[in-house]
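Asks: Contents of query_13.csv (CSV, C-alpha atoms):
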chain,number,residue,atom,x,y,z
U,12,MET,CA,102.5,112.9,154.2
U,13,THR,CA,99.4,113.2,151.9
U,14,GLN,CA,101.7,113.3,148.9
U,15,VAL,CA,103.5,110.2,150.0
U,16,PHE,CA,100.1,108.3,150.3
U,17,HIS,CA,99.2,109.6,146.9
U,18,ALA,CA,102.5,108.3,145.4
U,19,LEU,CA,102.1,104.9,147.1
U,20,GLY,CA,98.5,104.7,145.9
U,21,PHE,CA,99.4,105.4,142.3
U,22,PHE,CA,102.3,103.0,142.5
U,23,TYR,CA,100.0,100.3,143.8
U,24,VAL,CA,97.5,100.9,141.0
U,25,TYR,CA,100.4,100.7,138.5
U,26,LEU,CA,101.5,97.3,139.9
U,27,LEU,CA,97.9,96.1,139.7
U,28,GLU,CA,97.6,97.2,136.1
U,29,LYS,CA,100.9,95.4,135.2
U,30,TRP,CA,99.7,92.3,137.0
U,31,ASN,CA,96.3,92.4,135.2
U,32,THR,CA,98.0,92.9,131.8
U,33,LYS,CA,100.4,90.0,132.5
U,34,MET,CA,97.5,87.7,133.5
U,35,SER,CA,95.5,88.8,130.5
U,36,ASP,CA,98.5,88.0,128.2
U,37,LYS,CA,98.8,84.5,129.8
U,38,LYS,CA,95.2,83.9,129.2
U,39,LEU,CA,95.6,85.0,125.6
U,40,LEU,CA,98.4,82.6,125.0
U,41,ARG,CA,96.4,79.8,126.6
U,42,GLU,CA,93.4,80.5,124.3
U,43,TYR,CA,95.7,80.8,121.3
U,44,TYR,CA,97.2,77.4,122.0
U,45,GLU,CA,93.7,75.9,122.4
U,46,LEU,CA,93.0,76.8,118.7
U,47,CYS,CA,95.8,74.5,117.5
U,48,PRO,CA,95.4,70.7,116.7
U,49,ASN,CA,95.4,68.7,120.0
U,50,GLY,CA,96.0,72.0,121.9
U,51,ILE,CA,99.7,72.1,120.8
U,52,CYS,CA,101.3,74.4,118.2
U,53,LYS,CA,104.3,76.7,117.8
U,54,ASP,CA,103.8,80.3,118.7
U,55,TYR,CA,104.1,82.2,115.4
U,56,LEU,CA,102.7,85.5,116.7
U,57,THR,CA,104.6,88.5,118.1
U,58,GLU,CA,103.5,90.2,121.3
U,59,SER,CA,102.1,93.0,119.1
U,60,ASP,CA,100.0,90.5,117.1
U,61,LYS,CA,98.6,89.1,120.3
U,62,ARG,CA,97.7,92.5,121.6
U,63,ARG,CA,95.9,93.3,118.3
U,64,ILE,CA,93.9,90.0,118.6
U,65,ARG,CA,92.9,90.9,122.2
U,66,GLU,CA,92.2,94.6,121.7
U,67,GLU,CA,91.1,94.9,118.1
U,68,GLY,CA,89.7,91.5,117.3
U,69,VAL,CA,92.3,91.0,114.5
U,70,VAL,CA,92.3,87.5,112.9
U,71,TYR,CA,95.6,85.8,112.0
U,72,LEU,CA,96.2,82.6,110.0
U,73,THR,CA,99.4,80.6,110.0
U,74,GLY,CA,100.5,77.4,108.3
U,75,VAL,CA,102.2,75.8,105.3
U,76,ILE,CA,101.6,77.9,102.2
U,77,GLN,CA,103.8,76.1,99.6
U,78,ARG,CA,106.2,73.2,99.5
U,79,ALA,CA,109.4,72.7,97.5
U,80,ASP,CA,110.8,69.6,95.9
U,81,ALA,CA,107.5,67.7,96.4
U,82,LYS,CA,104.6,66.8,94.2
U,83,ASN,CA,101.5,68.8,95.0
U,84,GLY,CA,97.9,67.9,94.3
U,85,ASN,CA,98.1,69.0,90.7
U,86,GLY,CA,101.2,66.9,90.1
U,87,ARG,CA,103.5,69.9,90.0
U,88,ILE,CA,106.9,70.1,91.7
U,89,TYR,CA,108.5,73.4,92.6
U,90,PRO,CA,112.3,73.1,92.7
U,91,ARG,CA,113.7,74.6,95.9
U,92,LYS,CA,116.2,76.9,94.2
U,93,VAL,CA,113.5,78.4,91.9
U,94,LEU,CA,111.0,78.8,94.8
U,95,GLU,CA,113.6,80.3,97.1
U,96,ARG,CA,114.4,83.0,94.5
U,97,GLU,CA,110.8,83.9,94.1
U,98,VAL,CA,110.2,83.9,97.9
U,99,GLU,CA,113.0,86.5,98.3
U,100,LYS,CA,111.3,88.7,95.7
U,101,TYR,CA,108.0,88.2,97.5
U,102,LYS,CA,109.5,89.3,100.8
U,103,GLN,CA,110.1,92.7,99.3
U,104,ILE,CA,106.4,93.0,98.5
U,105,ILE,CA,105.6,91.9,102.1
U,106,ASN,CA,107.9,94.7,103.3
U,107,GLU,CA,106.0,97.2,101.2
U,108,ASN,CA,102.8,96.1,102.8
U,109,ARG,CA,101.2,95.0,99.5
U,110,ALA,CA,101.3,91.2,99.6
U,111,LEU,CA,97.6,90.9,99.1
U,112,GLY,CA,95.6,87.7,98.3
U,113,GLU,CA,92.1,87.0,97.2
U,114,LEU,CA,89.3,84.9,98.7
U,115,ASP,CA,88.7,82.0,96.2
U,116,HIS,CA,86.8,83.5,93.4
U,117,PRO,CA,87.1,81.4,90.2
U,118,GLU,CA,87.5,83.4,87.0
U,119,CYS,CA,86.1,80.7,84.8
U,120,VAL,CA,83.5,79.7,82.3
U,121,SER,CA,80.7,77.1,82.5
U,122,SER,CA,81.8,75.1,79.5
U,123,GLY,CA,83.4,75.4,76.1
U,124,GLU,CA,86.3,74.5,73.9
U,125,VAL,CA,89.8,76.0,73.5
U,126,LEU,CA,91.8,76.3,70.3
U,127,THR,CA,95.0,74.3,70.6
U,128,VAL,CA,97.7,73.7,67.9
U,129,GLU,CA,95.9,70.4,67.3
U,130,GLY,CA,92.5,72.0,66.9
U,131,TRP,CA,89.5,72.6,69.2
U,132,LYS,CA,89.5,70.7,72.5
U,133,GLU,CA,87.0,70.6,75.4
U,134,PHE,CA,88.3,71.9,78.8
U,135,VAL,CA,88.2,68.4,80.3
U,136,ASP,CA,90.5,67.1,77.5
U,137,LEU,CA,93.2,69.7,78.0
U,138,LYS,CA,96.5,69.1,79.8
U,139,GLU,CA,99.0,71.3,81.5
U,140,GLY,CA,101.9,71.9,79.1
U,141,GLU,CA,99.7,71.7,76.0
U,142,GLU,CA,100.2,74.4,73.4
U,143,ILE,CA,97.3,76.8,72.7
U,144,PHE,CA,96.8,80.0,70.7
U,145,THR,CA,97.1,83.2,72.7
U,146,LEU,CA,97.3,86.9,72.0
U,147,SER,CA,99.9,89.5,73.0
U,148,LEU,CA,98.8,92.9,74.1
U,149,SER,CA,100.1,94.3,70.9
U,150,GLY,CA,97.6,92.1,69.0
U,151,ASP,CA,100.1,89.4,67.7
U,152,LEU,CA,99.0,85.8,67.6
U,153,GLU,CA,101.3,83.5,69.7
U,154,VAL,CA,101.4,79.9,70.8
U,155,GLN,CA,102.0,79.3,74.5
U,156,LYS,CA,101.9,76.3,76.9
U,157,ILE,CA,99.1,75.9,79.5
U,158,THR,CA,100.7,76.5,82.9
U,159,LYS,CA,97.5,75.7,84.9
U,160,ARG,CA,94.2,73.9,84.1
U,161,ILE,CA,91.3,74.8,86.4
U,162,GLU,CA,88.3,72.5,86.9
U,163,LYS,CA,86.3,73.0,90.0
U,164,SER,CA,82.7,73.0,91.4
U,165,TYR,CA,81.2,76.4,91.8
U,166,LYS,CA,78.0,77.6,93.4
U,167,GLY,CA,77.2,81.3,93.1
U,168,LYS,CA,76.4,84.1,90.6
U,169,MET,CA,77.2,83.7,86.9
U,170,ILE,CA,76.9,86.3,84.2
U,171,ARG,CA,75.5,85.5,80.7
U,172,ILE,CA,76.5,87.7,77.8
U,173,LYS,CA,74.5,86.9,74.7
U,174,GLY,CA,74.3,88.5,71.3
U,175,ARG,CA,74.5,87.7,67.6
U,176,ASN,CA,78.2,86.8,67.8
U,177,ILE,CA,78.6,85.8,71.4
U,178,ASP,CA,76.9,83.4,73.8
U,179,CYS,CA,78.9,82.8,77.0
U,180,GLU,CA,78.4,82.1,80.7
U,181,VAL,CA,81.2,83.2,83.0
U,182,THR,CA,81.9,83.9,86.7
U,183,PRO,CA,81.6,87.6,87.7
U,184,ASN,CA,85.3,88.1,88.0
U,185,HIS,CA,86.2,86.4,84.7
U,186,ARG,CA,88.2,88.7,82.5
U,187,PHE,CA,87.7,89.6,78.8
U,188,LEU,CA,90.4,91.0,76.6
U,189,ILE,CA,88.9,94.1,74.9
U,190,VAL,CA,90.0,96.8,72.5
U,191,ASN,CA,89.1,100.3,73.4
U,192,ARG,CA,88.4,103.4,71.2
U,193,LYS,CA,92.2,104.2,71.2
U,194,ASN,CA,92.9,100.7,69.8
U,195,GLU,CA,94.5,99.7,73.1
U,196,TYR,CA,94.2,96.1,74.4
U,197,LYS,CA,93.1,95.8,78.1
U,198,TYR,CA,91.3,93.5,80.4
U,199,VAL,CA,87.8,94.0,82.0
U,200,THR,CA,85.7,91.7,84.1
U,201,ALA,CA,82.2,90.4,83.3
U,202,LYS,CA,80.9,92.3,86.3
U,203,GLU,CA,82.3,95.6,84.9
U,204,ILE,CA,80.4,94.8,81.7
U,205,LEU,CA,77.2,94.0,83.6
U,206,GLU,CA,77.5,97.3,85.6
U,207,ASP,CA,78.4,99.5,82.6
U,208,SER,CA,81.5,100.7,84.5
U,209,ILE,CA,83.9,100.8,81.5
U,210,PRO,CA,84.5,104.2,79.9
U,211,ASP,CA,83.0,104.5,76.4
U,212,MET,CA,81.9,100.9,76.7
U,213,ASN,CA,79.8,100.9,73.6
U,214,LYS,CA,82.9,101.8,71.5
U,215,CYS,CA,84.9,98.9,72.9
U,216,TYR,CA,84.9,95.4,71.5
U,217,ILE,CA,85.9,91.8,72.4
U,218,PRO,CA,88.2,90.7,69.5
U,219,LYS,CA,87.3,87.7,67.4
U,220,ALA,CA,90.2,87.9,64.9
U,221,ILE,CA,93.5,89.8,64.9
U,222,LYS,CA,95.2,91.6,62.0
U,223,ASN,CA,93.2,89.6,59.4
U,224,LYS,CA,94.9,86.4,60.4
U,225,LYS,CA,93.1,83.1,60.0
U,226,ILE,CA,92.6,81.6,63.4
U,227,GLU,CA,90.7,78.5,62.3
U,228,GLN,CA,91.7,76.5,59.3
U,229,ASN,CA,89.6,77.0,56.2
U,230,LYS,CA,87.5,79.7,57.9
U,231,THR,CA,88.0,83.4,57.8
U,232,ILE,CA,86.3,85.4,60.5
U,233,LYS,CA,84.6,88.4,58.8
U,234,ILE,CA,84.1,90.7,61.8
U,235,LYS,CA,86.9,92.0,64.0
U,236,GLY,CA,85.0,91.8,67.3
U,237,ILE,CA,81.9,92.0,69.4
U,238,TYR,CA,81.0,95.5,70.4
U,239,LEU,CA,79.9,96.0,74.1
U,240,ASP,CA,76.8,97.9,73.0
U,241,LYS,CA,73.9,96.7,75.2
U,242,ARG,CA,71.5,97.7,72.5
U,243,HIS,CA,72.6,94.5,70.8
U,244,LEU,CA,73.7,92.5,73.8
U,245,VAL,CA,71.8,90.8,76.7
U,246,VAL,CA,73.9,90.9,79.9
U,247,GLU,CA,72.3,89.3,82.9
U,248,GLU,CA,73.2,87.7,86.2
U,249,PHE,CA,71.9,84.3,87.3
U,250,ASP,CA,72.4,81.6,90.0
U,251,TYR,CA,74.6,78.7,89.1
U,252,ASP,CA,75.6,75.4,90.7
U,253,GLY,CA,77.9,73.2,88.7
U,254,MET,CA,81.5,72.9,87.3
U,255,VAL,CA,83.5,75.8,85.9
U,256,TYR,CA,86.7,75.7,83.8
U,257,CYS,CA,89.6,77.8,82.8
U,258,VAL,CA,93.3,77.6,81.7
U,259,ASN,CA,96.2,79.9,82.5
U,260,VAL,CA,98.9,80.9,80.1
U,261,PRO,CA,101.6,83.6,80.3
U,262,ASN,CA,99.7,86.0,78.0
U,263,SER,CA,96.6,85.6,80.2
U,264,ASN,CA,94.1,84.8,77.4
U,265,PHE,CA,93.0,82.0,75.1
U,266,TYR,CA,90.6,81.5,72.1
U,267,LEU,CA,87.3,80.2,73.3
U,268,LYS,CA,84.3,78.6,71.6
U,269,GLN,CA,81.1,78.6,73.6
U,270,ASN,CA,77.7,77.6,72.2
U,271,GLY,CA,79.2,77.6,68.7
U,272,LYS,CA,80.5,81.2,68.9
U,273,VAL,CA,84.1,82.2,69.2
U,274,HIS,CA,86.0,85.1,70.9
U,275,TRP,CA,89.2,85.8,72.9
U,276,SER,CA,88.8,85.2,76.6
U,277,GLY,CA,91.0,86.0,79.5
U,278,ASN,CA,92.3,84.3,82.6
U,279,SER,CA,94.0,85.9,85.7
U,280,ASN,CA,97.5,86.4,86.9
U,281,THR,CA,97.0,89.6,88.8
U,282,ILE,CA,95.4,90.4,92.2
U,283,SER,CA,92.1,92.2,92.0
U,284,LEU,CA,91.7,94.8,94.8
U,285,SER,CA,87.9,94.3,94.8
U,286,ASN,CA,88.4,90.6,95.8
U,287,VAL,CA,91.3,90.8,98.3
U,288,SER,CA,90.6,89.3,101.7
U,289,HIS,CA,93.9,89.1,103.5
U,290,ILE,CA,97.5,90.2,103.5
U,291,VAL,CA,100.7,88.1,104.0
U,292,GLU,CA,102.8,89.6,106.8
U,293,SER,CA,105.7,87.2,106.9
U,294,VAL,CA,107.0,84.0,105.3
U,295,TRP,CA,109.8,81.7,106.4
U,296,TRP,CA,111.2,78.2,105.7
U,297,ASN,CA,110.7,75.1,107.8
U,298,GLY,CA,112.7,72.5,105.9
U,299,ASN,CA,111.1,72.4,102.5
U,300,ASP,CA,107.8,73.8,103.8
U,301,LEU,CA,107.2,77.5,103.1
U,302,MET,CA,105.4,78.8,106.2
U,303,GLY,CA,103.3,82.0,106.3
U,304,LYS,CA,101.6,84.4,108.7
U,305,ILE,CA,98.5,86.0,107.2
U,306,ARG,CA,96.2,88.8,108.6
U,307,VAL,CA,92.6,88.9,107.5
U,308,LEU,CA,91.5,92.3,106.3
U,309,LYS,CA,89.1,93.5,108.9
U,310,TYR,CA,87.4,96.3,106.9
U,311,HIS,CA,87.2,94.8,103.4
U,312,PRO,CA,84.0,93.0,102.3
U,313,LYS,CA,85.9,89.9,101.3
U,314,GLY,CA,87.9,90.0,104.5
U,315,LYS,CA,84.6,90.0,106.5
U,316,ILE,CA,83.4,87.0,104.5
U,317,LEU,CA,86.7,85.2,105.3
U,318,GLU,CA,86.4,86.1,109.0
U,319,GLY,CA,82.9,84.8,109.1
U,320,LEU,CA,83.9,81.5,107.6
U,321,ILE,CA,86.6,81.1,110.2
U,322,LYS,CA,84.2,81.9,113.0
U,323,ASP,CA,81.9,79.3,111.7
U,324,GLY,CA,84.7,76.7,111.9
U,325,VAL,CA,85.3,76.3,108.1
U,326,GLN,CA,88.7,74.8,107.4
U,327,ILE,CA,90.5,77.3,105.1
U,328,GLY,CA,93.1,76.2,102.6
U,329,ILE,CA,95.7,78.3,100.8
U,330,SER,CA,97.0,78.1,97.2
U,331,SER,CA,99.8,80.0,95.5
U,332,ARG,CA,99.2,81.9,92.3
U,333,ALA,CA,102.1,82.1,89.8
U,334,ILE,CA,103.0,82.1,86.1
U,335,GLY,CA,105.7,80.3,84.3
U,336,SER,CA,106.6,77.4,82.1
U,337,ILE,CA,106.4,73.7,83.0
U,338,ARG,CA,107.9,70.4,81.7
U,339,GLU,CA,106.9,66.8,82.1
U,340,GLU,CA,109.2,64.3,83.6
U,341,GLY,CA,107.6,60.9,84.0
U,342,ASP,CA,104.4,61.3,86.0
U,343,ALA,CA,105.5,64.6,87.4
U,344,ILE,CA,105.3,68.2,86.1
U,345,ILE,CA,108.4,70.3,86.9
U,346,VAL,CA,108.0,74.1,87.2
U,347,GLU,CA,110.7,75.8,85.1
U,348,ASP,CA,113.2,78.5,86.0
U,349,ASP,CA,111.0,81.4,84.6
U,350,LEU,CA,108.5,81.0,87.5
U,351,SER,CA,107.0,84.3,88.7
U,352,LEU,CA,105.1,84.2,92.1
U,353,VAL,CA,102.0,86.4,92.1
U,354,GLY,CA,100.4,85.7,95.5
U,355,PHE,CA,98.5,83.4,97.8
U,356,ASP,CA,94.7,82.9,97.7
U,357,MET,CA,92.4,81.4,100.2
U,358,VAL,CA,90.7,78.3,98.8
U,359,GLN,CA,88.6,75.3,99.8
U,360,CYS,CA,90.9,72.7,98.4
U,361,PRO,CA,94.6,73.6,98.3
U,362,SER,CA,96.9,72.1,95.7
U,363,THR,CA,99.7,71.8,98.3
U,364,HIS,CA,99.0,68.7,100.5
U,365,ASN,CA,97.7,69.7,103.9
U,366,ALA,CA,98.1,73.4,103.2
U,367,PHE,CA,95.3,74.3,105.6
U,368,MET,CA,95.6,77.4,107.8
U,369,ILE,CA,95.7,77.3,111.6
U,370,LYS,CA,93.5,80.1,112.9
U,371,GLU,CA,95.3,82.2,115.5
U,372,TYR,CA,92.1,83.8,116.8
U,373,LYS,CA,89.6,83.5,119.5
U,374,GLU,CA,86.8,86.0,120.0
U,375,HIS,CA,87.8,88.2,122.9
U,376,LYS,CA,85.4,88.3,125.8
U,377,PRO,CA,85.9,91.0,128.5
U,378,ARG,CA,87.4,89.5,131.7
U,379,LYS,CA,85.2,89.6,134.8
U,380,LYS,CA,86.2,92.1,137.4
U,381,THR,CA,88.0,90.5,140.4
U,382,LYS,CA,88.0,91.7,144.0
U,383,ILE,CA,91.4,93.2,143.4
U,384,ASP,CA,90.0,95.1,140.4
U,385,LYS,CA,87.2,96.5,142.5
U,386,LEU,CA,89.6,97.4,145.3
U,387,SER,CA,91.9,99.3,142.9
U,388,TYR,CA,89.0,101.3,141.5
U,389,HIS,CA,87.9,102.3,145.1
U,390,LEU,CA,91.5,103.3,145.8
U,391,ILE,CA,91.6,105.5,142.7
U,392,ASP,CA,88.4,107.2,143.8
U,393,ILE,CA,89.8,107.9,147.3
U,394,LEU,CA,93.1,109.3,145.8
U,395,LYS,CA,91.3,111.7,143.4
Using the file provided, produce a representation of the structure as structure tokens.

Replies:
Amino acid sequence: MTQVFHALGFFYVYLLEKWNTKMSDKKLLREYYELCPNGICKDYLTESDKRRIREEGVVYLTGVIQRADAKNGNGRIYPRKVLEREVEKYKQIINENRALGELDHPECVSSGEVLTVEGWKEFVDLKEGEEIFTLSLSGDLEVQKITKRIEKSYKGKMIRIKGRNIDCEVTPNHRFLIVNRKNEYKYVTAKEILEDSIPDMNKCYIPKAIKNKKIEQNKTIKIKGIYLDKRHLVVEEFDYDGMVYCVNVPNSNFYLKQNGKVHWSGNSNTISLSNVSHIVESVWWNGNDLMGKIRVLKYHPKGKILEGLIKDGVQIGISSRAIGSIREEGDAIIVEDDLSLVGFDMVQCPSTHNAFMIKEYKEHKPRKKTKIDKLSYHLIDILK
């Protein structure tokens, strides 16, 4: 008889736990819906996602991440056929759990001029589709079209690199094309230069001229590059609040003049692991809108910053990062068939209209114990 009571008691506790879990799940869904505009939104999360929100405090974001056959804020139109092809490739990266994205961290300079086929031009005068000089990683001079022009406000740290043949101000993650002691071309960031984290750094140099070619008309550059030897360079960090600029080209570099001194400078088309803040877990189409579900990285420094912004109620936008050619058609810029999608970054002002993420998150608070909970605990004590 005692065994029967024990069995009935454990069965009763099991039913209570199932009931509590069910009630907890219902509450989670209610809180989840409350986070959406006007309290109504589609349920994009799986039961596993919701459990992770409740038990682990995981933060999810969902929303429009790109749009096909429509002009975005930069005037570009991504043809549906081209974008669909790249999305299918990107889904493979998602399946491999490496669809990472960065928290907006501009890789830009404070000012300067870029050498185009028509001569030197200020950043503000450049246009997407304009041809500029670039450098291949084999050291050959090439002409490529600008795929993206960046001009944005920035408040944060900047790094100044100053010497006899260089005087530039760049964001910490701005990349420089350098040549190492093995005569190999590679990219390093301004922060790596500041922190002396480049192997044999004093034997590496930022190129000024390549293979004795004349870059500027009627002017031969006499030195091959600027050596990263801090005995002859001042590299320092300072606070900045103003505009920053950059351009993107397939070769990821351009010829820059800042404060009257010239050198090759880089832009970015790769994801930097030191700056990742989130991972894309799924993408799907809703008409011409590409939708996405994104999980904030809980244990990464940039993920923690992104989570803090979300908790403070900051509206987060998303912007795709890609490389490829473009062409002008009237007042629109059409993305060509050679598009290659790199990833999706969190930004303040997205280029896709209304590409702001919905936060599928609410800080979980332990549920107060009910009379039924207390009764079940007493029952467990009796049955022990």

Asks: Against stretch 206-220 of chain U, which residues of stretch 82-169 of chain U fall within 12 Å? For each one I want the closest pair of atoms and the distance in Å (one decimal), counting all atoms listed in the file, rows by chain and increasing residue number, as a Markdown table.

Replies:
| residue | atom | partner | partner_atom | distance |
| --- | --- | --- | --- | --- |
| U:Phe144 | CA | U:Ala220 | CA | 11.8 |
| U:Thr145 | CA | U:Ala220 | CA | 11.4 |
| U:Leu146 | CA | U:Ala220 | CA | 10.1 |
| U:Leu148 | CA | U:Pro218 | CA | 11.8 |
| U:Gly150 | CA | U:Ala220 | CA | 9.4 |
| U:Asp151 | CA | U:Ala220 | CA | 10.4 |
| U:Leu152 | CA | U:Ala220 | CA | 9.4 |

Asks: Given only C-alpha atoms as the basis, pick out the residue of U:Lys168, U:His185, U:His289, U:Lys304 nearest to U:Gly253.

Replies: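 The shortest atom-to-atom distance to U:Gly253 comes from U:Lys168.
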
Asks: Can you tell me, as a ChimeraX atom specification, which residues sit within 12 Å of (104.9, 84.8, 92.2) in the file's frame, using all atoms listed in the file?

Replies: /U:77,89,93-104,110-112,280-282,330-335,349-356

Asks: At a cut-off of 8 Å, using all atoms listed in the file, what residues contact stretch 125-128 of chain U? Leave out same-chain residues fewer than 4 positions from it and give the result as a list in words.

Replies: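 These residues fall inside the cut-off: Lys132, Glu133, Phe134, Glu141, Glu142, Ile143, Phe144, Val154, Phe265, Tyr266, Leu267 and Lys268 of chain U.
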
Asks: List the spatial neighbours of U:Glu162 as number ranges by chain - criterion: any atom at most 9 Å away, all atoms listed in the file, same-chain residues fewer than 4 positions off excluded.

Replies: U: 119, 134-135, 254-258

Asks: Write the residues you've just listed into a file as a PDB file, in the coordinates of the input, and include C-alpha atoms for each of them.

Replies:
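Printed below is again_18.pdb as written:
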ATOM      1  CA  CYS U 119      86.100  80.700  84.800  1.00  0.00           C
ATOM      2  CA  PHE U 134      88.300  71.900  78.800  1.00  0.00           C
ATOM      3  CA  VAL U 135      88.200  68.400  80.300  1.00  0.00           C
ATOM      4  CA  MET U 254      81.500  72.900  87.300  1.00  0.00           C
ATOM      5  CA  VAL U 255      83.500  75.800  85.900  1.00  0.00           C
ATOM      6  CA  TYR U 256      86.700  75.700  83.800  1.00  0.00           C
ATOM      7  CA  CYS U 257      89.600  77.800  82.800  1.00  0.00           C
ATOM      8  CA  VAL U 258      93.300  77.600  81.700  1.00  0.00           C
TER       9      VAL U 258
END

Asks: Counting all atoms listed in the file, write as an NGL selection string all protein and nucleic acid residues lying at most 7 Å from (71.4, 81.4, 87.8) in the file's frame.

Replies: :U and (168-169 or 248-251)

Asks: So which one's closest to U:Arg175, U:Glu247, U:Asp323, U:Asp348, U:Asp240? Using all atoms listed in the file, please.

Replies: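 Residue with the minimum atom-to-atom distance to U:Arg175: U:Asp240.
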
Asks: Kindly give the distance, in Å, that separates atom CA of U:Pro183 and atom CA of U:Glu203, rounded to a single decimal.

Replies: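 For atom CA of U:Pro183 relative to atom CA of U:Glu203, the distance reads 8.5 Å.
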
Asks: One decimal, Å: what's the distance from atom CA of U:Gly140 over to atom CA of U:Met357, could you say?

Replies: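 These two atoms are separated by 25.0 Å.
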
Asks: Please determine, counting only C-alpha atoms, which residue among U:Lys322, U:Arg63, U:Arg160, U:Arg109 has the shortest atom-to-atom distance to U:Ile290.

Replies: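 Nearest to U:Ile290: U:Arg109.
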
Asks: For U:Asn106, which residue out of U:Asn191, U:Gln326, U:Ser336, U:Ser293 is the nearest one, using all atoms listed in the file?

Replies: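 Counting all atoms listed in the file, the residue closest to U:Asn106 is U:Ser293.
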
Asks: What is the atom CA of U:Asn297-atom CA of U:Arg78 distance in Å, reported with one decimal?

Replies: 9.6 Å

Asks: Can you pull out the residues contacting U:Arg338? Cut-off 7 Å, using only C-alpha atoms, and skip same-chain residues under 3 positions away; I want them as a VMD selection string.

Replies: chain U and resid 140 344 to 347

Asks: My list of candidates is U:Gly74, U:Gly341, U:Gly68, U:Pro312. Which is closest to U:Ile329 when distances are computed with only C-alpha atoms?

Replies: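 The answer is U:Gly74, which sits nearest to U:Ile329.
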
Asks: Restricting the calculation to all atoms listed in the file: of U:Val291, U:Cys179, U:Leu239, U:Ile172, which residue gets closest to U:Leu308?

Replies: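 Checking each candidate against U:Leu308, we get U:Val291 as the closest.
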